[in-house]
$ cat start.tsv   # TSV, C-alpha atoms and all ligand atoms
chain	number	residue	atom	x	y	z
O	76	MET	CA	0.55	25.64	33.16
O	77	THR	CA	2.57	28.22	31.22
O	78	GLU	CA	0.61	30.12	28.67
O	79	LEU	CA	1.94	29.72	25.17
O	80	SER	CA	2.02	32.61	22.75
O	81	ALA	CA	3.12	32.76	19.16
O	82	LEU	CA	6.54	33.84	20.42
O	83	SER	CA	6.99	31.02	22.90
O	84	PRO	CA	9.73	28.62	21.94
O	85	VAL	CA	8.48	25.35	20.56
O	86	PRO	CA	8.68	22.76	23.33
O	87	SER	CA	11.75	20.65	22.68
O	88	ALA	CA	9.96	17.35	22.85
O	89	ALA	CA	11.34	14.26	21.22
O	90	ARG	CA	10.72	13.96	17.49
O	91	ASP	CA	7.11	13.17	16.67
O	92	ALA	CA	6.47	9.76	15.21
O	93	VAL	CA	5.26	9.75	11.61
O	94	LEU	CA	2.61	8.08	9.51
O	95	LYS	CA	3.75	7.70	5.89
O	96	PHE	CA	1.87	6.16	3.01
O	97	TYR	CA	3.66	4.93	-0.10
O	98	PHE	CA	1.32	4.05	-2.93
O	99	GLY	CA	1.50	2.91	-6.53
O	100	PRO	CA	0.18	0.27	-8.91
O	101	MET	CA	1.18	-3.36	-8.82
O	102	ASP	CA	4.81	-4.11	-9.59
O	103	CYS	CA	6.02	-0.63	-8.72
O	104	GLY	CA	8.28	-1.98	-5.98
O	105	LYS	CA	6.17	-1.34	-2.89
O	106	SER	CA	6.95	-4.63	-1.16
O	107	THR	CA	10.61	-4.38	-2.12
O	108	LEU	CA	10.79	-0.93	-0.52
O	109	ALA	CA	8.89	-2.19	2.53
O	110	LEU	CA	11.49	-4.92	3.04
O	111	GLN	CA	14.37	-2.51	2.46
O	112	MET	CA	12.89	-0.08	4.98
O	113	ASN	CA	12.55	-2.84	7.57
O	114	TYR	CA	16.15	-3.84	6.99
O	115	ASN	CA	17.45	-0.28	7.37
O	116	HIS	CA	15.56	0.40	10.60
O	117	GLY	CA	16.50	-2.97	12.07
O	118	ARG	CA	20.15	-2.37	11.34
O	119	GLN	CA	20.00	0.78	13.46
O	120	GLY	CA	18.79	-1.21	16.42
O	121	ARG	CA	15.16	-0.22	16.08
O	122	ARG	CA	12.51	-2.82	16.74
O	123	GLY	CA	9.62	-3.25	14.39
O	124	LEU	CA	6.84	-5.49	13.21
O	125	VAL	CA	6.07	-6.35	9.61
O	126	LEU	CA	2.39	-6.69	8.74
O	127	THR	CA	0.64	-7.70	5.56
O	128	LYS	CA	-2.68	-8.81	4.16
O	129	HIS	CA	-3.37	-10.93	1.07
O	130	ASP	CA	0.29	-11.07	0.06
O	131	ARG	CA	0.86	-12.54	-3.40
O	132	SER	CA	2.42	-15.60	-1.78
O	133	GLY	CA	-0.93	-16.45	-0.17
O	134	GLY	CA	0.72	-16.74	3.26
O	135	ALA	CA	1.67	-14.49	6.14
O	136	LYS	CA	4.70	-13.13	4.35
O	137	VAL	CA	5.80	-10.03	2.55
O	138	THR	CA	7.21	-11.15	-0.77
O	139	SER	CA	8.39	-9.00	-3.61
O	140	ARG	CA	8.32	-9.78	-7.32
O	141	ILE	CA	12.09	-9.70	-7.42
O	142	GLY	CA	12.36	-12.60	-5.00
O	143	LEU	CA	12.83	-11.08	-1.54
O	144	GLY	CA	10.63	-12.30	1.30
O	145	LEU	CA	10.08	-12.05	5.03
O	146	ASP	CA	7.66	-13.61	7.51
O	147	ALA	CA	4.96	-11.18	8.53
O	148	ILE	CA	1.87	-10.88	10.66
O	149	GLU	CA	-1.35	-11.37	8.68
O	150	VAL	CA	-3.80	-8.57	9.40
O	151	ASP	CA	-7.30	-10.02	9.49
O	152	ASP	CA	-10.27	-7.71	9.88
O	153	SER	CA	-10.63	-8.34	13.62
O	154	LEU	CA	-6.99	-7.67	14.54
O	155	ASP	CA	-6.59	-4.66	16.86
O	156	LEU	CA	-3.29	-3.10	15.87
O	157	VAL	CA	-2.90	-1.06	19.07
O	158	ALA	CA	-3.35	-4.23	21.13
O	159	LEU	CA	-0.95	-6.08	18.85
O	160	VAL	CA	1.80	-3.53	19.49
O	161	GLY	CA	0.93	-3.42	23.21
O	162	ALA	CA	1.53	-7.15	23.46
O	163	HIS	CA	5.17	-6.63	22.48
O	164	ASP	CA	7.96	-5.37	24.64
O	165	ARG	CA	9.07	-2.31	22.72
O	166	ILE	CA	8.10	-1.45	19.18
O	167	ASP	CA	9.63	1.53	17.40
O	168	TYR	CA	8.02	1.14	14.00
O	169	LEU	CA	5.55	-0.79	11.89
O	170	ILE	CA	5.88	-1.79	8.27
O	171	CYS	CA	2.33	-2.23	6.92
O	172	ASP	CA	2.34	-3.82	3.50
O	173	GLU	CA	-0.89	-4.11	1.49
O	174	ALA	CA	-2.44	-1.50	3.79
O	175	CYS	CA	-5.13	-0.77	1.18
O	176	PHE	CA	-6.82	-3.99	2.30
O	177	TYR	CA	-6.94	-3.11	6.01
O	178	THR	CA	-10.17	-1.84	7.54
O	179	VAL	CA	-10.68	1.89	7.99
O	180	GLU	CA	-10.75	1.27	11.74
O	181	GLN	CA	-7.29	-0.29	11.51
O	182	ILE	CA	-6.01	2.85	9.77
O	183	GLU	CA	-7.37	4.87	12.70
O	184	GLN	CA	-5.48	2.50	14.99
O	185	LEU	CA	-2.29	3.22	13.05
O	186	ALA	CA	-2.81	6.95	13.63
O	187	ASP	CA	-3.32	6.23	17.35
O	188	LEU	CA	-0.07	4.31	17.44
O	189	VAL	CA	1.75	7.28	15.91
O	190	ASP	CA	0.16	9.97	18.10
O	191	GLU	CA	-0.36	8.19	21.40
O	192	HIS	CA	2.44	5.66	21.41
O	193	GLY	CA	5.22	7.25	19.35
O	194	VAL	CA	5.40	4.39	16.86
O	195	ASP	CA	6.52	5.25	13.32
O	196	VAL	CA	4.20	3.70	10.74
O	197	TYR	CA	5.25	3.08	7.14
O	198	ALA	CA	2.27	1.93	5.11
O	199	PHE	CA	2.45	0.61	1.56
O	200	GLY	CA	-0.37	-0.23	-0.80
O	201	LEU	CA	-2.46	0.37	-3.84
O	202	ALA	CA	-4.43	3.60	-3.90
O	203	SER	CA	-7.21	2.49	-6.20
O	204	ASP	CA	-9.02	-0.68	-7.17
O	205	PHE	CA	-9.63	-2.20	-10.62
O	206	ARG	CA	-12.32	0.44	-11.32
O	207	SER	CA	-9.75	3.19	-10.54
O	208	GLN	CA	-11.67	4.03	-7.37
O	209	MET	CA	-9.97	4.50	-4.05
O	210	PHE	CA	-9.88	1.71	-1.48
O	211	PRO	CA	-11.47	2.98	1.77
O	212	ALA	CA	-8.30	2.28	3.77
O	213	ALA	CA	-6.15	4.06	1.19
O	214	GLN	CA	-8.48	7.03	1.26
O	215	ARG	CA	-8.17	7.21	5.04
O	216	LEU	CA	-4.40	7.07	4.74
O	217	PHE	CA	-4.48	9.96	2.27
O	218	GLU	CA	-6.53	11.90	4.79
O	219	LEU	CA	-4.43	11.13	7.85
O	220	ALA	CA	-0.85	10.54	6.76
O	221	ASP	CA	1.90	13.03	7.52
O	222	GLU	CA	3.40	12.23	4.16
O	223	VAL	CA	2.07	10.53	1.04
O	224	CYS	CA	4.46	9.38	-1.62
O	225	ARG	CA	3.70	7.98	-5.07
O	226	LEU	CA	6.11	5.24	-6.07
O	227	GLN	CA	6.87	5.01	-9.74
O	228	VAL	CA	9.48	2.40	-10.41
O	229	GLU	CA	9.00	2.42	-14.16
O	230	VAL	CA	6.08	0.09	-14.41
O	231	LEU	CA	4.81	0.63	-17.90
O	232	CYS	CA	1.59	0.10	-19.75
O	233	TRP	CA	1.89	-2.00	-22.91
O	234	CYS	CA	1.92	1.28	-24.86
O	235	GLY	CA	4.98	2.54	-23.01
O	236	ARG	CA	3.26	5.19	-20.93
O	237	PRO	CA	3.68	5.13	-17.13
O	238	GLY	CA	1.44	2.49	-15.58
O	239	LEU	CA	-0.86	4.16	-13.06
O	240	LEU	CA	-3.92	1.96	-12.61
O	241	ASN	CA	-4.68	-1.69	-12.07
O	242	ALA	CA	-7.06	-3.44	-14.43
O	243	ARG	CA	-8.85	-6.65	-13.48
O	244	VAL	CA	-8.89	-9.06	-16.40
O	245	VAL	CA	-11.43	-11.88	-16.53
O	246	GLY	CA	-11.65	-14.15	-19.55
O	247	GLY	CA	-9.37	-11.89	-21.55
O	248	ALA	CA	-11.47	-8.75	-21.06
O	249	MET	CA	-11.24	-5.90	-18.61
O	250	ALA	CA	-13.82	-6.09	-15.81
O	251	ARG	CA	-15.65	-2.93	-14.77
O	252	ARG	CA	-17.81	-4.43	-12.06
O	253	GLY	CA	-17.38	-6.84	-9.19
O	254	GLU	CA	-16.20	-7.14	-5.63
O	255	GLN	CA	-13.56	-4.60	-4.64
O	256	VAL	CA	-11.12	-7.25	-3.44
O	257	VAL	CA	-10.64	-10.41	-5.48
O	258	ILE	CA	-7.34	-12.24	-5.24
O	259	GLY	CA	-5.91	-12.90	-8.67
O	260	ASP	CA	-2.74	-13.96	-10.40
O	261	THR	CA	-2.73	-17.38	-8.78
O	262	ASP	CA	-3.07	-20.74	-10.55
O	263	ALA	CA	-6.48	-21.28	-8.95
O	264	SER	CA	-7.95	-17.91	-9.92
O	265	PRO	CA	-9.56	-16.97	-13.25
O	266	VAL	CA	-8.75	-13.34	-12.42
O	267	ARG	CA	-5.54	-11.59	-13.29
O	268	TYR	CA	-4.44	-8.00	-12.91
O	269	GLN	CA	-2.64	-5.80	-15.39
O	270	VAL	CA	-1.17	-2.34	-14.97
O	271	LEU	CA	-2.30	0.19	-17.56
O	272	CYS	CA	-1.84	3.87	-18.23
O	273	ARG	CA	-4.87	6.05	-17.52
O	274	ARG	CA	-5.80	6.27	-21.21
O	275	HIS	CA	-5.93	2.51	-21.69
O	276	HIS	CA	-7.56	1.88	-18.31
O	277	ARG	CA	-10.33	4.19	-19.42
O	278	SER	CA	-10.64	2.64	-22.87
O	279	GLY	CA	-10.21	-0.92	-21.60
O	280	GLN	CA	-7.59	-1.77	-24.21
O	281	LEU	CA	-5.30	-4.49	-22.86
O	282	ALA	CA	-2.82	-4.83	-25.71
O	283	THR	CA	-1.72	-3.48	-29.06
O	284	PRO	CA	-4.59	-3.99	-31.49
O	285	LEU	CA	-3.95	-6.79	-33.95
O	286	PRO	CA	-3.48	-5.55	-37.51
O	287	SER	CA	-6.87	-5.70	-39.16
O	288	LEU	CA	-7.20	-8.35	-41.87
O	289	THR	CA	-9.20	-6.04	-44.05
O	290	ALA	CA	-6.77	-3.15	-43.90
O	291	SER	CA	-4.87	-2.63	-47.09
O	301	ZN	ZN	-1.32	2.61	-22.28

$ encode --input "start.tsv" --output "structure tokens"
Amino acid sequence: MTELSALSPVPSAARDAVLKFYFGPMDCGKSTLALQMNYNHGRQGRRGLVLTKHDRSGGAKVTSRIGLGLDAIEVDDSLDLVALVGAHDRIDYLICDEACFYTVEQIEQLADLVDEHGVDVYAFGLASDFRSQMFPAAQRLFELADEVCRLQVEVLCWCGRPGLLNARVVGGAMARRGEQVVIGDTDASPVRYQVLCRRHHRSGQLATPLPSLTAS
């Protein structure tokens, strides 16, 4: 084996695969970008898989608020992502929507796919939960990703400031405690989510205060 020194030329291997994490609050366009990315790679003849978990449609699909949708593989906790890719003929990339809900072990598997199998991984998800604390899978992505990118497609708090954090609203009030993952915004659920600026996430104020009746 040739000894490498600081002056040795960098081996001209093929381009390294990449692990990228795109994060932002609800409604910031993550799923829309995920679908666009899949379309662009597919058009160049690359072969990929689209994965999701707990999509807003309630099915194994990636759907975006603006009406786009695509069938996807539902990632349940026991799914081994390296084995999943190995069961396919040739996979160049993965689109992983809602990656914040994957297990930490599955994020490790994504890193394995990048490093050991040359698969590009584009992960999309929330960074933090309704308490503004990081999801474990998102934290692992922050730690491992080659590139982390905050998406900010002008999702605004009611006050007009940039929306950064997701609030869980139960019975008209902001919840501070509860399970980390609760599906909301469906007809069957009493839970809904609302994007707020940091100031109003911290104060728990969900809307413009009504004018006080006693004010003169
Ligand atoms: Zn605000």

$ residues_near_ligand --input "start.tsv" --ligand "ligand ZN 301 (chain O)" --cutoff "10 Å" --atoms "only C-alpha atoms and all ligand atoms" --output "NGL selection string"
:O and (231-239 or 270-283)

$ residues_around --input "start.tsv" --residues "O:Val125" --least-positions-apart "3" --cutoff "8 Å" --atoms "only C-alpha atoms" --output "short mmCIF file (atom, residue, chain, number, x, y, z; two decimals) with C-alpha atoms, in the coordinates of the input"
data_model
loop_
_atom_site.label_atom_id
_atom_site.label_comp_id
_atom_site.auth_asym_id
_atom_site.auth_seq_id
_atom_site.Cartn_x
_atom_site.Cartn_y
_atom_site.Cartn_z
CA ASN O 113 12.55 -2.84 7.57
CA VAL O 137 5.80 -10.03 2.55
CA ASP O 146 7.66 -13.61 7.51
CA ALA O 147 4.96 -11.18 8.53
CA ILE O 148 1.87 -10.88 10.66
CA LEU O 169 5.55 -0.79 11.89
CA ILE O 170 5.88 -1.79 8.27
CA CYS O 171 2.33 -2.23 6.92
CA ASP O 172 2.34 -3.82 3.50
#

$ closest_atom_pairs --input "start.tsv" --of "stretch 87-186 of chain O" --to "stretch 193-199 of chain O" --cutoff "12 Å" --atoms "all atoms listed in the file" --output "Markdown table"
| residue | atom | partner | partner_atom | distance |
| --- | --- | --- | --- | --- |
| O:Ala88 | CA | O:Gly193 | CA | 11.7 |
| O:Ala89 | CA | O:Gly193 | CA | 9.5 |
| O:Arg90 | CA | O:Gly193 | CA | 8.9 |
| O:Asp91 | CA | O:Gly193 | CA | 6.8 |
| O:Ala92 | CA | O:Asp195 | CA | 4.9 |
| O:Val93 | CA | O:Asp195 | CA | 5.0 |
| O:Leu94 | CA | O:Val196 | CA | 4.8 |
| O:Lys95 | CA | O:Tyr197 | CA | 5.0 |
| O:Phe96 | CA | O:Ala198 | CA | 4.7 |
| O:Tyr97 | CA | O:Phe199 | CA | 4.8 |
| O:Phe98 | CA | O:Phe199 | CA | 5.8 |
| O:Gly99 | CA | O:Phe199 | CA | 8.5 |
| O:Pro100 | CA | O:Phe199 | CA | 10.7 |
| O:Met101 | CA | O:Phe199 | CA | 11.2 |
| O:Cys103 | CA | O:Phe199 | CA | 11.0 |
| O:Gly104 | CA | O:Phe199 | CA | 9.9 |
| O:Lys105 | CA | O:Phe199 | CA | 6.1 |
| O:Ser106 | CA | O:Phe199 | CA | 7.4 |
| O:Thr107 | CA | O:Phe199 | CA | 10.2 |
| O:Leu108 | CA | O:Phe199 | CA | 8.7 |
| O:Ala109 | CA | O:Phe199 | CA | 7.1 |
| O:Leu110 | CA | O:Phe199 | CA | 10.7 |
| O:Gln111 | CA | O:Tyr197 | CA | 11.7 |
| O:Met112 | CA | O:Tyr197 | CA | 8.5 |
| O:Asn113 | CA | O:Tyr197 | CA | 9.4 |
| O:His116 | CA | O:Asp195 | CA | 10.6 |
| O:Arg121 | CA | O:Asp195 | CA | 10.6 |
| O:Arg122 | CA | O:Val194 | CA | 10.1 |
| O:Gly123 | CA | O:Val194 | CA | 9.1 |
| O:Leu124 | CA | O:Val196 | CA | 9.9 |
| O:Val125 | CA | O:Tyr197 | CA | 9.8 |
| O:Leu126 | CA | O:Ala198 | CA | 9.4 |
| O:Thr127 | CA | O:Phe199 | CA | 9.4 |
| O:Lys128 | CA | O:Phe199 | CA | 11.0 |
| O:Asp130 | CA | O:Phe199 | CA | 12.0 |
| O:Val137 | CA | O:Phe199 | CA | 11.2 |
| O:Leu156 | CA | O:Val196 | CA | 11.3 |
| O:Val157 | CA | O:Val194 | CA | 10.2 |
| O:Val160 | CA | O:Val194 | CA | 9.1 |
| O:Gly161 | CA | O:Val194 | CA | 11.0 |
| O:Arg165 | CA | O:Val194 | CA | 9.6 |
| O:Ile166 | CA | O:Val194 | CA | 6.8 |
| O:Asp167 | CA | O:Val194 | CA | 5.1 |
| O:Tyr168 | CA | O:Asp195 | CA | 4.4 |
| O:Leu169 | CA | O:Val196 | CA | 4.8 |
| O:Ile170 | CA | O:Tyr197 | CA | 5.0 |
| O:Cys171 | CA | O:Ala198 | CA | 4.5 |
| O:Asp172 | CA | O:Phe199 | CA | 4.8 |
| O:Glu173 | CA | O:Phe199 | CA | 5.8 |
| O:Ala174 | CA | O:Phe199 | CA | 5.8 |
| O:Cys175 | CA | O:Phe199 | CA | 7.7 |
| O:Phe176 | CA | O:Phe199 | CA | 10.4 |
| O:Tyr177 | CA | O:Ala198 | CA | 10.5 |
| O:Gln181 | CA | O:Ala198 | CA | 11.7 |
| O:Ile182 | CA | O:Ala198 | CA | 9.5 |
| O:Glu183 | CA | O:Val196 | CA | 11.8 |
| O:Gln184 | CA | O:Val196 | CA | 10.6 |
| O:Leu185 | CA | O:Val196 | CA | 6.9 |
| O:Ala186 | CA | O:Val196 | CA | 8.2 |

$ atom_distance --input "start.tsv" --atom1 "atom CA of O:Gln208" --atom2 "atom CA of O:Gln255"
9.2 Å

$ atom_distance --input "start.tsv" --atom1 "atom CA of O:Arg140" --atom2 "atom CA of O:Asn115"
19.7 Å

$ closest_residue --input "start.tsv" --among "O:Val179, O:Val244, O:Gln269, O:Arg252" --to "O:Leu219" --atoms "only C-alpha atoms"
O:Val179

$ closest_residue --input "start.tsv" --among "O:Leu159, O:Leu145, O:Val150, O:Met209" --to "O:Val256" --atoms "all atoms listed in the file"
O:Met209

$ closest_residue --input "start.tsv" --among "O:Glu180, O:Glu222, O:Glu254, O:Asp102" --to "O:Thr138" --atoms "only C-alpha atoms"
O:Asp102

$ atom_distance --input "start.tsv" --atom1 "atom CA of O:Gly246" --atom2 "atom CA of O:Gly259"
12.4 Å

$ closest_residue --input "start.tsv" --among "O:Asp190, O:Glu149, O:Glu229, O:Asp204" --to "O:Gly253" --atoms "all atoms listed in the file"
O:Asp204

$ axis_aligned_box --input "start.tsv" --around "stretch 152-162 of chain O" --padding-each-side "3 Å" --output "lines of an AutoDock Vina configuration file"
center_x = -4.4
center_y = -4.7
center_z = 16.7
size_x = 18.4
size_y = 13.3
size_z = 19.6

$ decode --input "start.tsv" --residues "stretch 147-177 of chain O" --atoms "N, CA and C atoms" --output "tab-separated table (two decimals), in the first residue's frame"
chain	number	residue	atom	x	y	z
O	147	ALA	N	-45.39	6.07	-1.65
O	147	ALA	CA	-44.11	5.98	-0.95
O	147	ALA	C	-44.11	4.72	-0.09
O	148	ILE	N	-42.91	4.40	0.39
O	148	ILE	CA	-42.77	3.27	1.31
O	148	ILE	C	-42.92	3.79	2.73
O	149	GLU	N	-43.81	3.19	3.49
O	149	GLU	CA	-44.00	3.61	4.89
O	149	GLU	C	-42.88	3.00	5.75
O	150	VAL	N	-42.21	3.84	6.50
O	150	VAL	CA	-41.10	3.38	7.33
O	150	VAL	C	-41.62	3.07	8.73
O	151	ASP	N	-41.88	1.78	9.00
O	151	ASP	CA	-42.24	1.48	10.40
O	151	ASP	C	-40.96	1.22	11.18
O	152	ASP	N	-41.09	1.17	12.50
O	152	ASP	CA	-39.90	1.14	13.35
O	152	ASP	C	-38.99	-0.05	13.10
O	153	SER	N	-39.56	-1.15	12.58
O	153	SER	CA	-38.76	-2.37	12.42
O	153	SER	C	-38.11	-2.46	11.03
O	154	LEU	N	-38.39	-1.50	10.16
O	154	LEU	CA	-37.86	-1.59	8.79
O	154	LEU	C	-36.35	-1.31	8.78
O	155	ASP	N	-35.59	-2.25	8.22
O	155	ASP	CA	-34.14	-2.07	8.06
O	155	ASP	C	-33.89	-1.42	6.70
O	156	LEU	N	-33.40	-0.20	6.72
O	156	LEU	CA	-33.31	0.56	5.47
O	156	LEU	C	-32.19	0.05	4.57
O	157	VAL	N	-31.13	-0.50	5.17
O	157	VAL	CA	-30.05	-1.08	4.35
O	157	VAL	C	-30.59	-2.32	3.61
O	158	ALA	N	-31.35	-3.15	4.34
O	158	ALA	CA	-31.94	-4.33	3.71
O	158	ALA	C	-32.95	-3.93	2.64
O	159	LEU	N	-33.69	-2.89	2.92
O	159	LEU	CA	-34.69	-2.42	1.95
O	159	LEU	C	-34.03	-2.06	0.62
O	160	VAL	N	-32.93	-1.29	0.71
O	160	VAL	CA	-32.23	-0.90	-0.52
O	160	VAL	C	-31.59	-2.12	-1.18
O	161	GLY	N	-31.05	-3.04	-0.34
O	161	GLY	CA	-30.41	-4.24	-0.87
O	161	GLY	C	-31.37	-5.14	-1.64
O	162	ALA	N	-32.64	-5.04	-1.32
O	162	ALA	CA	-33.65	-5.88	-1.99
O	162	ALA	C	-34.01	-5.33	-3.37
O	163	HIS	N	-33.47	-4.16	-3.71
O	163	HIS	CA	-33.74	-3.59	-5.03
O	163	HIS	C	-32.52	-3.74	-5.92
O	164	ASP	N	-32.76	-3.64	-7.19
O	164	ASP	CA	-31.74	-3.88	-8.18
O	164	ASP	C	-30.61	-2.87	-8.11
O	165	ARG	N	-30.94	-1.62	-8.27
O	165	ARG	CA	-29.92	-0.57	-8.22
O	165	ARG	C	-30.62	0.68	-7.70
O	166	ILE	N	-30.12	1.22	-6.64
O	166	ILE	CA	-30.72	2.42	-6.07
O	166	ILE	C	-29.63	3.48	-5.97
O	167	ASP	N	-29.90	4.64	-6.58
O	167	ASP	CA	-28.92	5.73	-6.55
O	167	ASP	C	-29.17	6.71	-5.42
O	168	TYR	N	-30.46	6.83	-5.03
O	168	TYR	CA	-30.76	7.84	-4.01
O	168	TYR	C	-32.02	7.46	-3.25
O	169	LEU	N	-32.14	8.04	-2.06
O	169	LEU	CA	-33.35	7.90	-1.26
O	169	LEU	C	-33.89	9.29	-0.95
O	170	ILE	N	-35.20	9.41	-1.04
O	170	ILE	CA	-35.89	10.60	-0.54
O	170	ILE	C	-36.59	10.15	0.74
O	171	CYS	N	-36.21	10.73	1.87
O	171	CYS	CA	-36.77	10.31	3.16
O	171	CYS	C	-37.58	11.45	3.74
O	172	ASP	N	-38.90	11.42	3.50
O	172	ASP	CA	-39.74	12.47	4.05
O	172	ASP	C	-40.11	12.11	5.49
O	173	GLU	N	-40.41	13.10	6.28
O	173	GLU	CA	-40.80	12.91	7.69
O	173	GLU	C	-39.73	12.11	8.45
O	174	ALA	N	-38.48	12.37	8.14
O	174	ALA	CA	-37.38	11.60	8.74
O	174	ALA	C	-37.24	11.84	10.24
O	175	CYS	N	-37.85	12.91	10.74
O	175	CYS	CA	-37.82	13.17	12.19
O	175	CYS	C	-38.51	12.06	12.98
O	176	PHE	N	-39.38	11.31	12.32
O	176	PHE	CA	-40.13	10.26	13.01
O	176	PHE	C	-39.47	8.88	12.88
O	177	TYR	N	-38.36	8.79	12.15
O	177	TYR	CA	-37.66	7.51	12.05
O	177	TYR	C	-36.98	7.22	13.39
